[in-house]
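Everything below concerns the one structure shown next.
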Amino acid sequence: MKKLLLTALLSTLSAASAATLVFGGNGEPVSLESGNITDGISILVQRQIYDTLVDFKPGSTDLAPGLATSWKANANNTAWTFTLRKGVRFHDGTPMNADAIVFNLSRWWDKSHPYGFRDQGRTFEIVGELLGGYKGDATAVIKNIVKVNDTTVRIDLNKPSSVLPNVMAAGYFGIASPTAIKKEGAKYGTPASKPVGTGPFIFQSWRTGDRVTLLPNKLYWGEKAKVDQLVIRNIKDASQRLNELKAGTIDFANDLTPDSLRSVQADKNLVAVKRPSFNVGFVSMNNRNQYLKNQSVRQAISMAINKKAIVEGFWNGLGVSNASFVPPVMSWANSSKVPADYKFDPAAAKKMLADAGYPNGFSIDLWYMPVSRPYFPTPKPIAEAIAADLSAIGIKVNLKTQDWAKYLEDRNKEPGFDMYMIGWTGDYGDPDNFYGAYYGANASDDINWNPANVETLLQQGRAAATQEAKAKVYSQLHEITYNAAYRIPMVHSNPLAAARSYVKGWAPSPLGSEPFNTITVTGKK
Amino acid sequence: MGSYLIRRLLRTVLVMLGISLVVFVFVRSIPGDPAVAMLGERATPEAAAALREQLGLNKPWFFNPANPMDAQYPKYMGALLQGDLGSGIKSNIPVWDDLKARFPATAELSVAALLFALLVGMPAGILAALRRNSVWDNLATTISLVGVSMPVFWLGLLLSYFFAVKLGWLPPSARLGSEVNLEPLTGFYVLDGLLRGQPAAAWDALRHLILPAIALGSIPLAIIARITRSSMLDVLGQDYVRTARAKGLTGRAVTFKHALRNALLPVVTVIGLQAGALLGGAVLTETIFSWPGIGSWVYDAISQRDYPIIQGGVIFAALIVSLANLIVDLSYAALDPRIQYS
């Protein structure tokens with residue numbers, strides 16, 4: 001019997017060698033179909049299977065060659081030409097070429113594409129979001145997608161854009177095998193299908209609700225994976241991810257709560273990993289409110305909140321507070337005229353409030369999120385701290401919250417919230433991705449403030465060809481938005497990750513996920 | 001008996017139709033809409049409106065004057081009557097595929113939790129009744145009180161931390177170790193391990209099952225222990241028990257042959273009711289223990305306003321609860337010969 005058990009044990013474990021890398025994901029992928037996802041864990045898994053046309057340098061938001069070895073715009077940034085890497089094949093053996101790129105981009109952008117499966121529920125909403133709309137839309141950035149030759153693709157634009165390569169590098173837009181999509185049909189990307197890319201790992205299986213298992217791509221064009229198997233598990237609860245790390249049942253994990261830092265540091269088997277910050281948590285103020293429409297009141301509120309103390313208290317040192325709407329990695333876009341940090345000065349704030357006609361303060365609603373996000377991991381206590389700071393200058397804050405879906409909906413419905421907490425995690429390394437999302441003409445309608453000069457600057461920023469030219473534009477935007485004080489940046493946080501001490505070669509990207517082909521687990525027992 | 005069964009099954013079908021209508025209306029009446037939930041922080045009014053149109057959520061619920069069939073309910077019912085529960089709005093995965101994949105996980109966990117609750121709760125209740133007001137009685141009462149009042153998510157995390165992290169005896173979460181390969185057959189992994197000739201995998205699955213089963217079974221255990229105790233106390237005071245004792249039967253024979261069988265009827269009723277409670281409790285337990293069942297899936301769908309998944313999940317859960325109660329009703333007849341269905 002003992003012999004039988006031993007044989008069975010060996011057979012069970014035979015497929016799993018010592019070099020299995022196990023990642024604790026914060027959920028299950030929604031889909032493994034590229035272009036049709038927005039959630040972080042889907043992007044993380046897809047980054048292993050697919051390559052994007054343009055890539056990011058490890059641990060950075062700077063662009064690097066991906067499936068395209070180079071890219072070039074015409075003189076006025078209205079057409080981008082991508083030169084493709086030669087000799088790359090999809091995991092199914094079919095060639096990655098201009099036809100494949102055009103097929104992928106077209107099915108996302110063209111609503112009538114026969115393989116877009118829109119009649120079966122596909123929406124590709126991220127394309128509308130990041131590229132202004134779909135084929136034929138008045139607002140769409142892309143005008144046409146052209147195969148120039150087998151290794152060259154040109155994307156013609158309706159309006160100048162210098163950020164197209166950055167958008168193409170975003171994790172949403174992995175290039176999939178057209179053959180696999182045609183073969184699998186509308187089930188492509190579901191657990192019943194086999195997603196096929198050119199990435200460092202090959203899809204093996206997706207056990208619903210549990211895990212995705214990937215194998216190394218031995219023919220990968222870039223740095224080959226150093227493990228025999230990659231398992232990405234669904235561990236939704238952050239405390240449980242920490243338990244799994246401590247128990248040694250997973251090798252590394254993302255999105256631990258800031259208060260786990262000490263526990264991770266106290267465990268000699270674990271290494272705390274601070275992911276570079278690429279987000280902003282902020283408080284928005286609504287122009288429709290009788291008090292908040294007064295600029296002095298908004299500035300007084302900004303001065304009355306002790307942001308540094310709040311960040312130290314609630315993020316455990318995993319974040320910085322400054323006066324910038326863009327994360328520190330893009331500080332080149334900030335204005336030197338704007339102070340590095342808001343001045344915390346309750347006395348001056350109280351005087352400013354009195355000068356504005358409110359010596360006795362007033363009462364106002366502050367809505368806090370019912371969910372945890374890296375930019376606001378514990379929204380309620382943070383809201384309480386803000387309320388306490390504001391009460392010191394005579395503003396009585398009524399704390400409110402509601403279900404997340406309703407929260408997101410009601411902030412944009414007139415009259416909206418007075419003040420509310422929200423944030424943003426970037427998709428790619430350009431300030432447009434931050435300012436455009438919350439100050440653009442198509443942005444959220446929560447503050448009722450869309451001045452024409454802001455939109456003009458945003459358009460100029462998108463068209464600017466060099467970082468120098470962009471810096472000029474965005475520094476103006478920084479000054480305007482800082483003085484207007486409709487959105488008060490509270491924090492740029494470093495999401496906490498952790499790994500077992502034998503995990504080497506992990507270069508966490510500010511964007512939240514990266515390919516795991518660089519990781520080794522030598523010494524794992 | 002046969003006609004009773006047919007009547008009950010027909011009634012179940014009617015209940016399911018009623019529930020399908022109720023859940024259709026309810027999910028759409030909850031504030032917050034799927035397009036906004038899907039877009040998250042990106043949700044601008046324009047983007048949400050465009051997505052709503054793409055998803056067909058801008059169409060009338062019941063009747064479209066321009067095209068009567070081009071409304072949400074006729075489409076939903078038309079598909080449902082053909083056995084099509086639709087697909088997840090976000091994932092595009094057919095709801096039925098997800099149910100098929102996830103239900104065995106919830107069922108295995110629920111059965112294990114119920115077994116744990118029965119195997120511990122019933123003896124504890126019997127012991128408490130037989131040794132009334134003793135230390136055993138007080139202990140059982142205290143444990144059941146703690147079991148009922150302790151939040152499942154807290155108990156789950158505590159169990160996981162103590163037994164997995166501190167002691168290293170059991171795995172913290174999931175159904176199988178990351179390095180164990182087991183091809184599902186029935187979806188019940190312990191059973192599958194045995195059927196596939198992989199006893200080590202079965203053992204691994206069993207080890208993963210223990211902590212979530214204890215967490216999920218804690219409330220039913222407490223309820224079963226209390227009901228068993230009071231039911232046993234009631235029966236032990238009956239004349240026929242006194243008669244049995246007077247006839248010189250041993251204490252064991254009186255307890256297990258005469259008293260327990262009669263005391264079981266209310267316990268069985270409670271077990272039937274617990275089928276629904278277990279599905280409800282599975283929401284938290286599955287989330288804490290990364291258990292890939294239907295509880296955590298439907299919970300996520302509710303927060304995302306994923307209508308097809310909520311509808312499919314609720315209809316399926318209602319069916320399971322209905323069938324569990326039918327089985328309980330039928331088991332009355334087996335336990336008590338005086339009960340006959342016609």
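By convention here, the chains of the structure tokens are called A, B, ... in the order presented, each chain's residues are numbered starting at 1, and ligands are numbered starting at 1 in the order presented.
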>> Please extract the residues of region 20-266 of chain A with a backbone DSSP assignment of helix (DSSP H, G or I) and present them as a ChimeraX atom specification.
In response: /A:40-49,98-109,118-120,125-130,164-169,178-187,238-247,258-266
> Taking only C-alpha atoms into account, what are the residues of chain A at most 7 Å from chain B, put as number ranges by chain?
Replying inline: A: 5, 8-9, 12-13, 16, 30-31, 121, 123, 190, 208-210, 231, 234-237, 240, 243-244, 246-247, 405-406, 408-409, 412, 424, 443-445
>> DSSP on the backbone: which residues in region 337-509 of chain A end up as strand (DSSP E)? Give the answer as an MDAnalysis selection string.
In response: chainID A and resid 362:367 395:400 419:425 487:493 496:500
>> To one decimal place in Å, what is the distance between CA of Val320 (chain A) and CA of His492 (chain A)?
In response: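 Pair CA of Val320 (chain A) / CA of His492 (chain A) returns 5.4 Å.
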Which neighbours of Asp365 (chain A) fall inside 8 Å, counting only C-alpha atoms, when residues of the same chain fewer than 5 positions from it are skipped, and could you give them as a PDB file with N, CA and C atoms, in the first residue's frame?
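Written output follows (part32.pdb):
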```pdb
ATOM      1  N   VAL A 397     -18.038  67.767   7.870  1.00  0.00           N
ATOM      2  CA  VAL A 397     -18.074  66.814   6.758  1.00  0.00           C
ATOM      3  C   VAL A 397     -19.014  65.661   7.084  1.00  0.00           C
ATOM      4  N   ASN A 398     -19.961  65.403   6.176  1.00  0.00           N
ATOM      5  CA  ASN A 398     -20.827  64.226   6.324  1.00  0.00           C
ATOM      6  C   ASN A 398     -20.234  63.130   5.443  1.00  0.00           C
ATOM      7  N   LEU A 399     -19.801  62.060   6.089  1.00  0.00           N
ATOM      8  CA  LEU A 399     -19.190  60.975   5.326  1.00  0.00           C
ATOM      9  C   LEU A 399     -20.273  60.084   4.726  1.00  0.00           C
ATOM     10  N   LYS A 400     -20.127  59.774   3.447  1.00  0.00           N
ATOM     11  CA  LYS A 400     -21.136  58.947   2.779  1.00  0.00           C
ATOM     12  C   LYS A 400     -20.457  57.932   1.871  1.00  0.00           C
ATOM     13  N   PHE A 417     -21.676  64.321  -6.624  1.00  0.00           N
ATOM     14  CA  PHE A 417     -21.243  64.385  -5.220  1.00  0.00           C
ATOM     15  C   PHE A 417     -20.607  65.758  -4.951  1.00  0.00           C
ATOM     16  N   ASP A 418     -20.699  66.235  -3.698  1.00  0.00           N
ATOM     17  CA  ASP A 418     -19.992  67.475  -3.338  1.00  0.00           C
ATOM     18  C   ASP A 418     -18.482  67.247  -3.475  1.00  0.00           C
ATOM     19  N   MET A 419     -18.006  66.358  -2.618  1.00  0.00           N
ATOM     20  CA  MET A 419     -16.595  65.964  -2.673  1.00  0.00           C
ATOM     21  C   MET A 419     -16.573  64.435  -2.698  1.00  0.00           C
TER      22      MET A 419
END
```
> CA of Arg207 (chain B) to CA of Ala112 (chain B): how many Å, to one decimal?
Replying inline: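 Atom-to-atom, CA of Arg207 (chain B) to CA of Ala112 (chain B), that is 11.7 Å.
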>> List the spatial neighbours of Gln290 (chain A) as an MDAnalysis selection string - criterion: any atom at most 12 Å away, only C-alpha atoms, same-chain residues fewer than 4 positions off excluded.
In response: chainID A and resid 285:286 294:295 297:298 358 362:364 415 418
> Of the residues B:Ser20, B:Ser331, B:Gln274, B:Ser322, which is the one nearest to Gly78 (chain B), using only C-alpha atoms?
Replying inline: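 Ranked by minimum distance to Gly78 (chain B), first place goes to B:Ser20.
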>> Taking 5 positions as the minimum chain separation for residues in the same chain, which residues sit within 12 Å of Ser230 (chain B) when counting only C-alpha atoms? Answer as number ranges by chain.
In response: B: 122, 124-130, 132, 137, 141, 223-225, 235-237, 260, 263-264, 266-267
>> At a cut-off of 7 Å, using only C-alpha atoms, what residues contact Ala507 (chain A)? Leave out same-chain residues fewer than 2 positions from it and give the result as a ChimeraX atom specification.
In response: /A:58-59,505,509
